[in-house]
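This report concerns only the one structure given below.
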Amino acid sequence: MDSKEIEQLLEKYWTCETSLEEEKLLREYFNGNEVPQSLSDAASLFRYFESERARTSEEDIERAVTKEIRKRQRGKIISMVSVYRMARIAAGLLVVVVATYFVRQEVRKSYPPEIADTISDPKLALEETKKALMMISRGFGKAKQGAAKVNMLNEAEDKISNKDKEKKKDKIII
Amino acid sequence: MDFDGFERQVLPVKNKLYRFAFRLLGSSDEAKDIVQEVLIRVWNGREQLATIENVEAWCMRITKNLSLDRLRAKQRKPTDTLEQTSTIVEGSLTPYESAEISESMQRINLLIASLPEKQRQVMHLRDIEGYSYNEICEILELDMNQVKVNLFRARNAVREKFVKINAYGL
């Protein structure tokens, strides 16, 4: 490619009409050839681009990032360990709860049966139930007698009020 | 995505990410920091990667966003004056780096560093990394017209400076 073609291409480059391929041609030309004095500015620009493209960080970023990622993955394992720790605490609490339950059961057994209100013999239980029912029934009987007295009073009041009404009617008829 | 996939698909982009972060921040250490952060973020969000069409462009976009965040944070610091922050890019080369770059290279470096942010970004992505216009749109979240206008302005600014240097030796 001669310098005239390059000049034409360069004109297109300044006005942003070159394609990526044409820009690559320019880069290759300026980085591999003896360049005429008239094109020295453009040459230094394209050489600058080329040298910048070769710039890399001296430090190994990749290694640092890989290390960090591995560390984070280990972090996940550590978090699993903390899950086990939680499980151990939960198991301890469970043991305490179960122990409390059994102790309570033992304490209940040591109470006298009257308080606990448990009768194991069915006949005895039936007798006890009958007694209780009889007591309730006696209570009902007494209540019924009391209610009968109240009824007598009500009936007497009704009779009196009826007699008053009949007298009023007789007066109206007369 | 497992670690092998990450190693194959994402890690090879690291130098492009580094160069882009370096272009934006002008500091090698900060650029390295940003690249590490980007790669870790991509790893943490690796479940999303299957839905992303262009992983490289996506990584570049994260790099741009994190770098700009860092720049803004630096500018918010009360101890930094406006003058100091605007010369970060120019004055951050180590003596070793400076010695490595010849005088003309340094001149061009300063020239590009003095461009407005968007123009600098577009020029870097096109002329150094060789991305297509569509990819640049994706990375910078700009439309095609804005990308072309910024590239046009950047190249013409460089050209004008060359003309001035040749005419007046400035």
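By order of appearance in the structure tokens: chains A, B, ..., then residues from 1 within every chain, and ligands from 1 in the order shown.
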
Contact check, chain A to chain B, at most 12 Å, counting only C-alpha atoms, closest pairs as a Markdown table:
| residue | atom | partner | partner_atom | distance |
| --- | --- | --- | --- | --- |
| A:Leu10 | CA | B:Arg159 | CA | 10.9 |
| A:Glu11 | CA | B:Arg159 | CA | 10.7 |
| A:Lys12 | CA | B:Phe152 | CA | 10.9 |
| A:Tyr13 | CA | B:Arg155 | CA | 8.3 |
| A:Trp14 | CA | B:Arg155 | CA | 5.9 |
| A:Thr15 | CA | B:Phe152 | CA | 6.2 |
| A:Cys16 | CA | B:Phe152 | CA | 5.9 |
| A:Glu17 | CA | B:Phe152 | CA | 9.5 |
| A:Thr18 | CA | B:Arg126 | CA | 11.2 |
| A:Ser19 | CA | B:Ser132 | CA | 8.8 |
| A:Leu20 | CA | B:Gly130 | CA | 6.9 |
| A:Glu21 | CA | B:Gly130 | CA | 9.5 |
| A:Glu22 | CA | B:Gly130 | CA | 11.2 |
| A:Glu23 | CA | B:Asp127 | CA | 8.0 |
| A:Lys24 | CA | B:Gly130 | CA | 8.4 |
| A:Leu26 | CA | B:Asp127 | CA | 10.8 |
| A:Arg27 | CA | B:Asp127 | CA | 9.3 |
| A:Gln37 | CA | B:Asn166 | CA | 11.6 |
| A:Ser38 | CA | B:Asn166 | CA | 10.5 |
| A:Leu39 | CA | B:Phe162 | CA | 10.9 |
| A:Ser40 | CA | B:Phe162 | CA | 10.1 |
| A:Asp41 | CA | B:Phe162 | CA | 6.7 |
| A:Ala42 | CA | B:Arg159 | CA | 8.4 |
| A:Ala43 | CA | B:Ser104 | CA | 10.5 |
| A:Ser44 | CA | B:Ser104 | CA | 6.9 |
| A:Leu45 | CA | B:Ile108 | CA | 6.8 |
| A:Phe46 | CA | B:Asp127 | CA | 8.4 |
| A:Arg47 | CA | B:Met105 | CA | 8.1 |
| A:Tyr48 | CA | B:Met105 | CA | 5.8 |
| A:Phe49 | CA | B:Ile128 | CA | 5.1 |
| A:Glu50 | CA | B:Ile128 | CA | 6.9 |
| A:Ser51 | CA | B:Ile128 | CA | 8.9 |
| A:Glu52 | CA | B:Ile128 | CA | 6.7 |
| A:Arg53 | CA | B:Ile128 | CA | 5.6 |
| A:Ala54 | CA | B:Asn15 | CA | 8.9 |
| A:Arg55 | CA | B:Arg19 | CA | 6.8 |
| A:Thr56 | CA | B:Asn15 | CA | 5.5 |
| A:Ser57 | CA | B:Tyr18 | CA | 6.9 |
| A:Glu58 | CA | B:Ser28 | CA | 9.2 |
| A:Glu59 | CA | B:Lys32 | CA | 8.1 |
| A:Asp60 | CA | B:Lys32 | CA | 9.3 |
| A:Ile61 | CA | B:Gln36 | CA | 6.6 |
| A:Glu62 | CA | B:Leu11 | CA | 6.7 |
| A:Arg63 | CA | B:Leu11 | CA | 10.0 |
| A:Ala64 | CA | B:Gln36 | CA | 7.6 |
| A:Val65 | CA | B:Gln36 | CA | 6.0 |
| A:Thr66 | CA | B:Glu7 | CA | 8.8 |
| A:Lys67 | CA | B:Ile40 | CA | 10.6 |
| A:Glu68 | CA | B:Ile40 | CA | 7.9 |
| A:Ile69 | CA | B:Ile40 | CA | 7.2 |
| A:Arg70 | CA | B:Phe3 | CA | 9.6 |
| A:Lys71 | CA | B:Ile40 | CA | 11.6 |
| A:Arg72 | CA | B:Asn44 | CA | 9.8 |
| A:Gln73 | CA | B:Phe3 | CA | 10.6 |

**Prompt:** Distance atom CA of Arg120 of chain B-atom CA of Leu9 of chain A, one decimal place?
**Reply:** 22.2 Å

**Asked** Quick one: distance from atom CA of Cys59 of chain B to atom CA of Leu71 of chain B in Å, one decimal?
**Response**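 Between atom CA of Cys59 of chain B and atom CA of Leu71 of chain B the gap works out to 18.3 Å.
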
**Request:** Just list the residues in chain B DSSP gives helix (DSSP H, G or I) on the backbone, as a ChimeraX atom specification.
**Result:** /B:3-9,11-25,28-44,46-51,55-76,82-86,88-91,95-100,103-113,117-128,133-140,144-168
